Structures are given as C-alpha cells and as structure tokens.
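Asker: Enclosed is the structure file upload.txt (compact mmCIF, C-alpha atoms and all ligand atoms).
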# COMPACT_ATOMS: atom_id res chain seq x y z
CA MET A 15 70.75 -69.54 2.14
CA ALA A 16 70.63 -71.82 -0.91
CA GLU A 17 69.02 -70.46 -4.06
CA ARG A 18 65.51 -71.79 -4.56
CA ARG A 19 64.69 -74.16 -7.37
CA HIS A 20 62.35 -72.89 -10.04
CA LEU A 21 60.52 -74.81 -12.76
CA ILE A 22 59.65 -72.18 -15.33
CA SER A 23 60.89 -74.06 -18.38
CA ILE A 24 61.96 -77.62 -19.10
CA ASN A 25 65.30 -75.89 -19.72
CA ASP A 26 65.56 -75.30 -15.96
CA LEU A 27 66.08 -79.04 -15.45
CA THR A 28 69.20 -81.08 -16.00
CA ASP A 29 68.71 -84.41 -17.74
CA ASP A 30 68.99 -86.17 -14.36
CA GLN A 31 66.43 -83.85 -12.76
CA LEU A 32 64.02 -84.32 -15.67
CA ARG A 33 64.29 -88.10 -15.37
CA TRP A 34 63.90 -87.99 -11.60
CA ILE A 35 60.66 -85.99 -11.76
CA VAL A 36 59.23 -88.20 -14.54
CA GLU A 37 60.10 -91.44 -12.73
CA ARG A 38 58.95 -90.08 -9.37
CA GLY A 39 55.62 -89.11 -10.95
CA ALA A 40 55.32 -92.68 -12.23
CA GLU A 41 56.03 -94.01 -8.71
CA TYR A 42 53.26 -91.82 -7.32
CA SER A 43 51.00 -93.00 -10.15
CA ARG A 44 51.71 -96.66 -9.29
CA GLY A 45 51.00 -95.96 -5.63
CA SER A 46 54.47 -97.16 -4.72
CA VAL A 47 55.56 -94.07 -2.75
CA LYS A 48 55.33 -94.66 0.98
CA ALA A 49 53.20 -92.09 2.79
CA ALA A 50 55.34 -89.09 3.65
CA ARG A 51 54.81 -85.38 4.14
CA PRO A 52 57.94 -83.75 2.69
CA LEU A 53 56.13 -80.40 2.41
CA SER A 54 55.14 -80.10 6.06
CA GLU A 55 56.22 -76.67 7.35
CA THR A 56 55.75 -75.43 3.76
CA VAL A 57 53.24 -72.84 2.51
CA VAL A 58 52.31 -73.04 -1.18
CA GLY A 59 50.60 -70.17 -3.01
CA VAL A 60 48.46 -71.08 -6.01
CA LEU A 61 47.89 -68.13 -8.37
CA PHE A 62 45.85 -68.77 -11.50
CA ARG A 63 45.19 -65.74 -13.66
CA LYS A 64 43.59 -68.04 -16.29
CA THR A 65 41.07 -70.87 -16.06
CA SER A 66 42.22 -74.37 -15.10
CA THR A 67 40.68 -77.63 -14.01
CA ARG A 68 43.55 -80.11 -14.04
CA THR A 69 46.70 -78.14 -13.24
CA ARG A 70 45.22 -76.07 -10.44
CA THR A 71 43.62 -79.10 -8.79
CA ALA A 72 46.70 -81.28 -9.32
CA PHE A 73 49.02 -78.82 -7.57
CA SER A 74 46.52 -77.93 -4.86
CA ALA A 75 45.68 -81.53 -4.01
CA GLY A 76 49.33 -82.53 -4.41
CA ALA A 77 50.56 -79.83 -2.02
CA LEU A 78 47.94 -80.73 0.58
CA ARG A 79 48.71 -84.47 0.30
CA LEU A 80 52.41 -83.74 0.81
CA GLY A 81 51.66 -81.84 4.00
CA ALA A 82 51.79 -78.22 2.82
CA GLU A 83 49.47 -75.40 3.80
CA LEU A 84 47.78 -73.76 0.81
CA ILE A 85 46.79 -70.20 -0.14
CA THR A 86 44.88 -69.77 -3.39
CA TYR A 87 44.45 -66.57 -5.38
CA GLY A 88 41.89 -65.98 -8.13
CA PRO A 89 42.74 -63.99 -11.26
CA ASP A 90 42.01 -60.56 -9.74
CA ASP A 91 42.69 -61.11 -6.03
CA LEU A 92 46.16 -59.59 -5.82
CA GLN A 93 47.14 -55.94 -6.20
CA LEU A 94 48.60 -56.94 -9.55
CA SER A 95 45.13 -56.05 -10.80
CA THR A 96 45.52 -52.49 -9.54
CA GLY A 97 48.95 -51.99 -11.04
CA GLU A 98 51.48 -53.43 -8.57
CA SER A 99 54.42 -54.85 -10.50
CA VAL A 100 55.17 -58.56 -10.81
CA GLU A 101 58.65 -57.95 -9.34
CA ASP A 102 57.21 -56.24 -6.24
CA THR A 103 54.58 -58.97 -5.91
CA GLY A 104 57.22 -61.71 -6.07
CA ALA A 105 59.44 -59.92 -3.53
CA VAL A 106 56.56 -59.58 -1.07
CA LEU A 107 55.20 -63.12 -1.52
CA SER A 108 58.68 -64.59 -1.11
CA GLY A 109 58.73 -63.38 2.49
CA MET A 110 55.62 -65.41 3.27
CA LEU A 111 55.45 -68.37 0.85
CA ASP A 112 57.87 -71.21 0.12
CA VAL A 113 56.47 -72.09 -3.32
CA LEU A 114 54.34 -70.15 -5.82
CA VAL A 115 52.50 -72.14 -8.50
CA ALA A 116 51.45 -69.61 -11.14
CA ARG A 117 49.49 -69.65 -14.37
CA THR A 118 49.90 -66.44 -16.33
CA ALA A 119 48.92 -65.23 -19.76
CA GLY A 120 52.28 -63.64 -20.31
CA PRO A 121 55.74 -64.56 -21.54
CA GLU A 122 58.38 -66.54 -19.65
CA ALA A 123 59.88 -63.24 -18.47
CA GLU A 124 56.82 -62.63 -16.29
CA LEU A 125 57.46 -65.84 -14.35
CA ARG A 126 61.18 -65.05 -14.17
CA ALA A 127 60.17 -61.73 -12.57
CA TYR A 128 58.30 -63.62 -9.82
CA ALA A 129 61.44 -65.71 -9.39
CA ALA A 130 63.76 -62.70 -9.03
CA GLN A 131 64.20 -63.31 -5.30
CA LYS A 132 65.97 -65.95 -3.24
CA ARG A 133 63.34 -67.36 -0.88
CA MET A 134 60.41 -68.75 -2.90
CA SER A 135 60.34 -71.42 -5.62
CA VAL A 136 58.26 -70.57 -8.69
CA ILE A 137 56.49 -73.24 -10.74
CA ASN A 138 55.10 -72.45 -14.18
CA ALA A 139 51.57 -73.84 -14.29
CA MET A 140 51.32 -72.64 -17.90
CA SER A 141 52.46 -69.49 -19.62
CA ALA A 142 51.76 -68.22 -23.11
CA VAL A 143 54.83 -69.95 -24.47
CA GLU A 144 55.45 -73.13 -22.45
CA HIS A 145 53.54 -75.61 -20.29
CA PRO A 146 56.37 -77.57 -18.65
CA THR A 147 54.34 -79.35 -15.97
CA GLN A 148 52.10 -80.72 -18.74
CA ALA A 149 55.12 -82.23 -20.50
CA LEU A 150 56.29 -83.80 -17.24
CA ALA A 151 52.87 -85.39 -16.69
CA ASP A 152 52.88 -86.54 -20.33
CA LEU A 153 56.24 -88.28 -19.96
CA THR A 154 55.05 -89.87 -16.72
CA THR A 155 52.03 -91.16 -18.66
CA ILE A 156 54.35 -92.55 -21.36
CA VAL A 157 56.45 -94.29 -18.68
CA ARG A 158 53.31 -95.77 -17.13
CA HIS A 159 52.07 -97.06 -20.49
CA PHE A 160 55.28 -98.13 -22.24
CA GLY A 161 57.57 -98.67 -19.26
CA ARG A 162 60.05 -96.13 -20.66
CA VAL A 163 60.36 -92.89 -22.60
CA GLU A 164 63.45 -93.91 -24.57
CA GLY A 165 62.62 -94.95 -28.12
CA VAL A 166 58.95 -93.90 -27.97
CA ARG A 167 57.68 -92.31 -31.19
CA VAL A 168 55.10 -89.51 -30.95
CA LEU A 169 53.00 -87.91 -33.68
CA TYR A 170 51.81 -84.48 -32.48
CA VAL A 171 48.93 -83.14 -34.57
CA GLY A 172 47.56 -79.60 -34.24
CA GLU A 173 48.68 -76.21 -32.99
CA GLY A 174 52.31 -75.79 -31.98
CA ASN A 175 51.25 -74.24 -28.70
CA ASN A 176 52.73 -74.07 -25.18
CA THR A 177 52.05 -77.79 -24.60
CA ALA A 178 53.78 -78.72 -27.87
CA SER A 179 56.78 -76.52 -27.07
CA ALA A 180 57.31 -78.14 -23.67
CA LEU A 181 56.86 -81.62 -25.12
CA THR A 182 59.42 -80.80 -27.81
CA LEU A 183 62.00 -79.72 -25.22
CA ALA A 184 61.35 -82.73 -22.96
CA LEU A 185 61.12 -85.59 -25.47
CA SER A 186 64.26 -84.51 -27.30
CA ARG A 187 66.30 -85.21 -24.13
CA TYR A 188 65.59 -88.96 -24.35
CA PRO A 189 67.65 -91.31 -26.56
CA GLY A 190 65.87 -92.76 -29.55
CA THR A 191 62.63 -90.83 -29.16
CA GLU A 192 60.93 -89.44 -32.24
CA LEU A 193 58.63 -86.40 -32.28
CA HIS A 194 56.82 -85.76 -35.54
CA LEU A 195 55.07 -82.38 -35.31
CA ARG A 196 52.33 -81.90 -37.91
CA THR A 197 51.02 -78.38 -37.40
CA PRO A 198 48.85 -76.07 -39.54
CA PRO A 199 50.87 -73.62 -41.65
CA GLY A 200 51.61 -70.55 -39.55
CA TYR A 201 50.80 -72.36 -36.29
CA GLY A 202 53.93 -74.40 -35.76
CA VAL A 203 56.23 -74.78 -32.79
CA GLU A 204 58.49 -71.73 -32.79
CA LYS A 205 61.96 -72.00 -34.28
CA GLY A 206 63.66 -71.21 -30.96
CA TYR A 207 62.18 -74.34 -29.37
CA LEU A 208 62.97 -76.43 -32.44
CA ASP A 209 66.58 -75.22 -32.37
CA GLN A 210 66.93 -76.09 -28.66
CA ALA A 211 65.35 -79.49 -29.30
CA ALA A 212 67.72 -80.08 -32.21
CA ALA A 213 70.67 -79.41 -29.90
CA SER A 214 69.31 -81.84 -27.30
CA ALA A 215 68.53 -84.40 -29.98
CA GLY A 216 72.08 -84.11 -31.26
CA ARG A 217 73.31 -85.23 -27.84
CA SER A 218 70.65 -87.84 -27.08
CA GLY A 219 70.04 -89.37 -30.49
CA ALA A 220 66.40 -88.26 -30.54
CA ARG A 221 64.66 -87.04 -33.68
CA VAL A 222 62.41 -83.97 -33.94
CA GLU A 223 60.83 -82.80 -37.19
CA GLN A 224 58.01 -80.42 -38.04
CA ARG A 225 55.85 -80.42 -41.18
CA HIS A 226 52.62 -78.69 -42.08
CA ASP A 227 50.65 -81.55 -43.66
CA LEU A 228 49.55 -85.06 -42.78
CA SER A 229 50.98 -86.95 -45.75
CA GLY A 230 53.48 -89.78 -45.35
CA LEU A 231 52.87 -90.50 -41.67
CA PRO A 232 55.67 -92.52 -40.03
CA PRO A 233 55.02 -95.49 -37.71
CA VAL A 234 54.34 -94.09 -34.22
CA ASP A 235 53.42 -95.27 -30.72
CA VAL A 236 51.45 -92.18 -29.64
CA VAL A 237 49.13 -89.77 -31.44
CA TYR A 238 48.84 -86.54 -29.43
CA THR A 239 46.68 -83.49 -29.90
CA THR A 240 45.49 -80.47 -27.91
CA ARG A 241 42.42 -78.33 -28.27
CA TRP A 242 42.57 -75.71 -30.96
CA GLN A 243 41.65 -72.80 -28.69
CA THR A 244 44.61 -72.77 -26.35
CA THR A 245 43.76 -71.20 -22.97
CA GLY A 246 44.52 -67.49 -22.97
CA SER A 247 45.41 -67.20 -26.65
CA THR A 248 43.75 -65.90 -29.81
CA LYS A 249 44.35 -66.75 -33.48
CA PRO A 250 45.82 -64.14 -35.82
CA THR A 251 43.92 -65.38 -38.89
CA PRO A 252 40.09 -65.10 -38.97
CA ASP A 253 39.60 -68.29 -41.03
CA TRP A 254 41.83 -70.40 -38.78
CA ARG A 255 39.20 -73.14 -38.47
CA SER A 256 39.50 -74.06 -42.14
CA GLU A 257 43.30 -74.18 -41.72
CA PHE A 258 42.98 -76.46 -38.69
CA ALA A 259 40.22 -78.73 -40.06
CA PRO A 260 42.56 -81.16 -41.90
CA PHE A 261 44.40 -81.71 -38.59
CA GLN A 262 41.47 -83.26 -36.71
CA VAL A 263 42.36 -86.60 -35.11
CA ASP A 264 39.64 -88.97 -36.29
CA GLU A 265 39.26 -92.71 -36.79
CA ALA A 266 40.94 -92.53 -40.21
CA LEU A 267 44.03 -90.88 -38.75
CA MET A 268 44.20 -93.41 -35.92
CA ALA A 269 43.81 -96.24 -38.48
CA ALA A 270 46.86 -94.81 -40.28
CA CYS A 271 48.81 -95.22 -37.02
CA PRO A 272 48.14 -98.88 -36.14
CA GLY A 273 48.84 -99.79 -32.51
CA ALA A 274 49.22 -96.18 -31.39
CA VAL A 275 47.60 -94.85 -28.22
CA PHE A 276 45.87 -91.48 -28.20
CA MET A 277 46.89 -88.68 -25.80
CA HIS A 278 45.30 -85.28 -25.21
CA ASP A 279 46.22 -82.75 -22.52
CA LEU A 280 42.53 -81.79 -22.11
CA PRO A 281 40.21 -79.94 -22.00
CA ALA A 282 38.89 -81.40 -25.26
CA HIS A 283 36.35 -80.14 -27.74
CA ARG A 284 34.86 -83.27 -29.28
CA GLY A 285 34.21 -82.68 -32.97
CA GLU A 286 36.99 -80.09 -33.30
CA GLU A 287 40.54 -81.32 -32.71
CA VAL A 288 39.40 -84.88 -31.99
CA THR A 289 36.31 -86.95 -32.61
CA GLY A 290 34.41 -88.38 -29.66
CA ALA A 291 35.00 -91.85 -31.06
CA VAL A 292 38.78 -91.41 -30.69
CA LEU A 293 38.80 -89.56 -27.36
CA ASP A 294 36.41 -92.06 -25.77
CA GLY A 295 37.70 -95.04 -27.75
CA PRO A 296 39.90 -97.98 -26.79
CA ALA A 297 43.19 -96.35 -27.84
CA SER A 298 42.68 -93.27 -25.66
CA ILE A 299 44.73 -92.88 -22.48
CA ALA A 300 43.77 -89.19 -22.14
CA PHE A 301 42.00 -89.54 -18.80
CA ALA A 302 44.82 -91.54 -17.24
CA GLN A 303 47.07 -88.76 -18.56
CA ALA A 304 44.89 -86.19 -16.75
CA GLU A 305 45.18 -88.10 -13.47
CA ASN A 306 48.93 -88.25 -13.94
CA LYS A 307 48.99 -84.47 -13.68
CA TYR A 308 48.29 -84.96 -9.97
CA HIS A 309 50.96 -87.63 -9.56
CA SER A 310 53.49 -85.57 -11.51
CA ALA A 311 52.61 -82.39 -9.57
CA ARG A 312 53.61 -84.13 -6.35
CA ALA A 313 56.95 -85.04 -7.92
CA VAL A 314 57.49 -81.43 -9.04
CA LEU A 315 56.60 -80.05 -5.60
CA GLU A 316 58.87 -82.57 -3.92
CA TRP A 317 61.74 -81.59 -6.19
CA CYS A 318 61.19 -77.87 -5.55
CA ALA A 319 61.02 -78.43 -1.79
CA ALA A 320 64.21 -80.48 -1.81
CA ASP A 321 66.51 -77.52 -1.38
CA ARG A 322 65.02 -76.88 2.05
CA PRO A 323 66.42 -78.38 5.22
CA SER A 324 63.67 -81.03 5.38
CA GLY A 325 64.03 -81.93 1.69
CA GLY A 326 65.53 -85.27 0.69
CA VAL A 327 65.92 -85.09 -3.10
CA GLY A 328 69.56 -84.49 -3.78
CA LEU A 329 69.38 -84.08 -7.54
N1 LIG B 401 45.93 -79.54 -19.50
C1 LIG B 401 45.71 -78.51 -18.65
O1 LIG B 401 46.60 -77.70 -18.38
O2 LIG B 401 44.47 -78.47 -18.14
P1 LIG B 401 43.87 -77.24 -17.29
O3 LIG B 401 43.87 -76.03 -18.21
O4 LIG B 401 42.50 -77.68 -16.90
O5 LIG B 401 44.78 -77.02 -16.12
If you took the structure in this file and wrote it as structure tokens, what would it be?

Answerer:
Amino acid sequence: MAERRHLISINDLTDDQLRWIVERGAEYSRGSVKAARPLSETVVGVLFRKTSTRTRTAFSAGALRLGAELITYGPDDLQLSTGESVEDTGAVLSGMLDVLVARTAGPEAELRAYAAQKRMSVINAMSAVEHPTQALADLTTIVRHFGRVEGVRVLYVGEGNNTASALTLALSRYPGTELHLRTPPGYGVEKGYLDQAAASAGRSGARVEQRHDLSGLPPVDVVYTTRWQTTGSTKPTPDWRSEFAPFQVDEALMAACPGAVFMHDLPAHRGEEVTGAVLDGPASIAFAQAENKYHSARAVLEWCAADRPSGGVGL
C-alpha cells in the first residue's frame, strides 16, 4: 500500500505540488472545474480542538462537495480528553477514516503523531506554529487577483504567528516575490522559519526580510495582517497591546502603500489590528480571501486523495 500524503507543513510539499494546489484552488474559485466527485468512497474526519469558522466549514463543505462522507468531532468528543494518546488515536482512526483534518493547539509533532500510520492522510487545519492551509488559500487569492504569485510583493504587518510562518514558507518558493515582515519586537516569525525561507529564496530568487518597525516601507502590492489574539495562543508580556498598537493597519498605512490591496485571514477585530475603514474599504479583498479557503480546501483534499486508486492527481 502506498504511503498516504500528509499536509502538516508547507515543507511537506514539493514546489510542483505547492503550485498545483494553488492553481487548482484558483480553478475551483473561477468555477472552471467540471463537476466531479474524486472523494466518493472516502470518509473524512474533521477534528477541531479549537474554534473555527472558515477552515472547519471550508474543509467540511469541500469534502461533501467532492463526494466524501464526513464525521465531525468537537474539542472534547474523543477519548483524547480522558487521556488516550494521540498516537493511539491516530492508529485507531486510520483503520476507519481516509483523511483526518485536524486543528490542534499543540506543536507540529502532535500532528505528526496522528500521521504515524500508513492508512490515513492528515491535514493541518492550524497548529500552534503553522497554518499551511491558510497560506495555500492566500496564494490562491493572490493568483485570482494578480493572475500570478511570481513577483508579487507583500507587506505583512503584525504578529509573526502561525499564519505568518506558513506564508513565509510558501511565498519564498516563488521567483521574484518579496515578503516584508514588520512585526512587534519579541513577536516576530521564528528564526527557524526565516532560515528555511532564506534557503528557498536563495533558490527561487525571492526576498524575505523581517523588521520590527514601520519606517521606510517599500513599494508593495499587498498589505496583510492577522488579528492580534491568535486562536489558541496567549501573549507573554502583559502590556502587549501597547507594543502592537503602532502596527495597526489604518488608512495612513494604506496611503503609504499606494495601489496595494488589503488581505486578512479573519476573524478580524475592527479597531485593533485593522480599522473598519480599511477592512470594509475598496482595497480590501479579505472576504474573497475567506471564500477562497473553501476553493483551496477542495484542492488540498483532492491532492491528499490522489494517492488512492480513484485519485487522478499524479503530482
Ligand atoms: N483564518 C482562519 O483560520 O479562520 P478560522 O479560525 O475561522 O478557521
């Protein structure tokens, strides 16, 4: 039996696989994929141990639309809550499910423990350190808006959280892209991700840099932020709000980036990381970005299902 495909980190994808998922998501978004049910005969488990509106609905609706049967688990439904190990849980579920879509509060190792079996694909629907399916939906949104990812310049403002880490890994794979991370001191994207992105950028010709202020902004095509209270995380410093305040995306910041569109992974807190005037303004593509989570989820599920006899994605 072939090993199952897992999407736990952007690092699990080759460049070709990354591009296929992003472009396939864009095809779904355009409505140009002919009706097909590549996940018929497939059972998908959806386990969210943390709150979610977009990701949970995107993968649930996506799996159903592709013909799968669905089982959903709330945060305390499984015997994980009474002390059963993640490894034992993964081993048991793998005898009954084809794909597990999981949001955890833990490190990548927790998802790798679910994946320590040979029969069930595991998809990271957000962990403490990386949110790869968000980055895939973001690149699909960029393709839909700009027609390409190559050469697109992104200013990321705010916490260097799991969304930022995944975006850093993904964007750095594309030639000519620029990612300018402007994060509060002490809240940057971790060095390990920056080092991996630097290695990718060295091959692709991308550029990734991180600073902790908003002076000297470069010309960019996208301004991106996320909410300051990342799901499932807490801040180590009690006065973090004063440290984050200069990093709010407001009209003045958008005016300093003429022609740029605004992206946000949502949920948003208007008046914190972004003003309502920006989020609801003419430059915002945040709600199209949210819908693209559904289109991208179908591409991810299709890719994961492709190693099964009925699958058709050879990459
Ligand atoms: N962006 C995102 O992951 O949204 P949810 O937390 O609602 O899934």

Asker: Tell me which of A:Gly165, A:Gly202, A:Pro252, A:Gly172 sits closest to Arg221 (chain A), counting all atoms listed in the file.

Answerer: A:Gly165

Asker: Residues near region 66-70 of chain A, anyone? I mean within 7 Å using all atoms listed in the file, not counting same-chain ones fewer than 6 positions away, as a list in words.

Answerer: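 Contacts, with the query itself left out: Ala139, Ala304 and Lys307 of chain A.
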
Asker: Which residue is closest to Asp90 (chain A)? Choose from A:Ala259, A:Leu114, A:Leu61, A:Arg44 and count all atoms listed in the file.

Answerer: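 Closest candidate: A:Leu61.
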
Asker: Within 12 Å of ligand LIG 401 (chain B), which residues show up when you count all atoms listed in the file? List them as JSON, numbers by chain, please.

Answerer: {"A": [62, 63, 64, 65, 66, 67, 68, 69, 70, 71, 72, 73, 74, 115, 116, 117, 118, 138, 139, 140, 141, 142, 144, 145, 146, 147, 148, 149, 150, 151, 152, 175, 176, 177, 178, 180, 239, 240, 241, 243, 244, 245, 246, 277, 278, 279, 280, 281, 282, 300, 301, 303, 304, 305, 306, 307, 308, 311]}

Asker: Fewer than 4 positions away in the same chain doesn't count, so skip those; otherwise give me all residues within 10 Å of region 31-35 of chain A, counting all atoms listed in the file, as a PDB file with C-alpha atoms, in the coordinates of the input.

Answerer:
ATOM      1  CA  ILE A  24      61.960 -77.620 -19.100  1.00  0.00           C
ATOM      2  CA  ASN A  25      65.300 -75.890 -19.720  1.00  0.00           C
ATOM      3  CA  ASP A  26      65.560 -75.300 -15.960  1.00  0.00           C
ATOM      4  CA  LEU A  27      66.080 -79.040 -15.450  1.00  0.00           C
ATOM      5  CA  GLY A  39      55.620 -89.110 -10.950  1.00  0.00           C
ATOM      6  CA  ALA A  40      55.320 -92.680 -12.230  1.00  0.00           C
ATOM      7  CA  GLU A  41      56.030 -94.010  -8.710  1.00  0.00           C
ATOM      8  CA  LEU A 150      56.290 -83.800 -17.240  1.00  0.00           C
ATOM      9  CA  ALA A 151      52.870 -85.390 -16.690  1.00  0.00           C
ATOM     10  CA  LEU A 153      56.240 -88.280 -19.960  1.00  0.00           C
ATOM     11  CA  THR A 154      55.050 -89.870 -16.720  1.00  0.00           C
ATOM     12  CA  VAL A 163      60.360 -92.890 -22.600  1.00  0.00           C
ATOM     13  CA  ALA A 184      61.350 -82.730 -22.960  1.00  0.00           C
ATOM     14  CA  ARG A 187      66.300 -85.210 -24.130  1.00  0.00           C
ATOM     15  CA  TYR A 188      65.590 -88.960 -24.350  1.00  0.00           C
ATOM     16  CA  SER A 310      53.490 -85.570 -11.510  1.00  0.00           C
ATOM     17  CA  ALA A 311      52.610 -82.390  -9.570  1.00  0.00           C
ATOM     18  CA  ARG A 312      53.610 -84.130  -6.350  1.00  0.00           C
ATOM     19  CA  ALA A 313      56.950 -85.040  -7.920  1.00  0.00           C
ATOM     20  CA  VAL A 314      57.490 -81.430  -9.040  1.00  0.00           C
ATOM     21  CA  LEU A 315      56.600 -80.050  -5.600  1.00  0.00           C
ATOM     22  CA  GLU A 316      58.870 -82.570  -3.920  1.00  0.00           C
ATOM     23  CA  TRP A 317      61.740 -81.590  -6.190  1.00  0.00           C
ATOM     24  CA  VAL A 327      65.920 -85.090  -3.100  1.00  0.00           C
ATOM     25  CA  GLY A 328      69.560 -84.490  -3.780  1.00  0.00           C
ATOM     26  CA  LEU A 329      69.380 -84.080  -7.540  1.00  0.00           C
TER      27      LEU A 329
END

Asker: What is the CA of Thr155 (chain A) to CA of Val234 (chain A) distance in Å?

Answerer: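 Separating CA of Thr155 (chain A) from CA of Val234 (chain A) is a distance of 16.0 Å.
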
Asker: I'd like the interatomic distance between CA of Tyr170 (chain A) and CA of Arg196 (chain A), to a tenth of an Å.

Answerer: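 Between CA of Tyr170 (chain A) and CA of Arg196 (chain A) the gap works out to 6.0 Å.
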
Asker: Of the residues A:Leu185, A:Val171, A:Val136, A:Ile85, which is the one nearest to Val36 (chain A), using only C-alpha atoms?

Answerer: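 The shortest atom-to-atom distance to Val36 (chain A) comes from A:Leu185.
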
Asker: Enter the distance from CA of Val222 (chain A) to CA of Leu183 (chain A), in Å, rounded to one decimal.

Answerer: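 Result for CA of Val222 (chain A) versus CA of Leu183 (chain A): 9.7 Å, one decimal.
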
Asker: Residues within 12 Å of region 94-99 of chain A, please, as a PyMOL selection string. Count all atoms listed in the file; anything in the same chain fewer than 2 positions from it doesn't count.

Answerer: chain A and resi 61+63+87-92+101-106+118+124+127-128

Asker: Please identify all polymer residues within 7 Å of Leu193 (chain A), counting only C-alpha atoms, omitting same-chain residues fewer than 2 positions from it, and present them as a compact mmCIF listing (two decimals) with C-alpha atoms, in the frame of the given file.

Answerer:
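Output contents, as saved in out_11.txt:
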# COMPACT_ATOMS: atom_id res chain seq x y z
CA ARG A 167 57.68 -92.31 -31.19
CA VAL A 168 55.10 -89.51 -30.95
CA LEU A 169 53.00 -87.91 -33.68
CA THR A 191 62.63 -90.83 -29.16
CA LEU A 195 55.07 -82.38 -35.31
CA ARG A 221 64.66 -87.04 -33.68
CA VAL A 222 62.41 -83.97 -33.94
CA GLU A 223 60.83 -82.80 -37.19

Asker: Using only C-alpha atoms for the distances, tell me which of A:Thr86, A:Thr28, A:Ser46, A:Thr197 is nearest to Tyr238 (chain A).

Answerer: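 Using only C-alpha atoms, Tyr238 (chain A) sits closest to A:Thr197.
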
Asker: So for region 224-232 of chain A, what box centre and size do we get, axis-aligned, 3 Å extra on each of the six sides, every listed atom, Å to one decimal, as lines of an AutoDock Vina configuration file?

Answerer:
center_x = 53.8
center_y = -85.6
center_z = -41.9
size_x = 14.5
size_y = 19.8
size_z = 13.7

Asker: May I ask which of the residues A:Asp112, A:Arg162, A:Ser186, A:Val236 is the closest one to Ala212 (chain A), counting all atoms listed in the file?

Answerer: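 Once distances to Ala212 (chain A) are computed over all atoms listed in the file, the minimum belongs to A:Ser186.
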
Asker: Which residue, A:Leu228, A:Leu107, A:Ala220, A:Leu80, has the smallest gap to Pro199 (chain A) when you use all atoms listed in the file?

Answerer: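 Under the stated criterion, the closest residue is A:Leu228.
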
Asker: Using only C-alpha atoms, which residues sit within 9 Å of Met110 (chain A) once same-chain residues fewer than 4 positions away are excluded, as a list in words?

Answerer: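 The neighbour list is Val57, Val106, Arg133 and Met134 of chain A.
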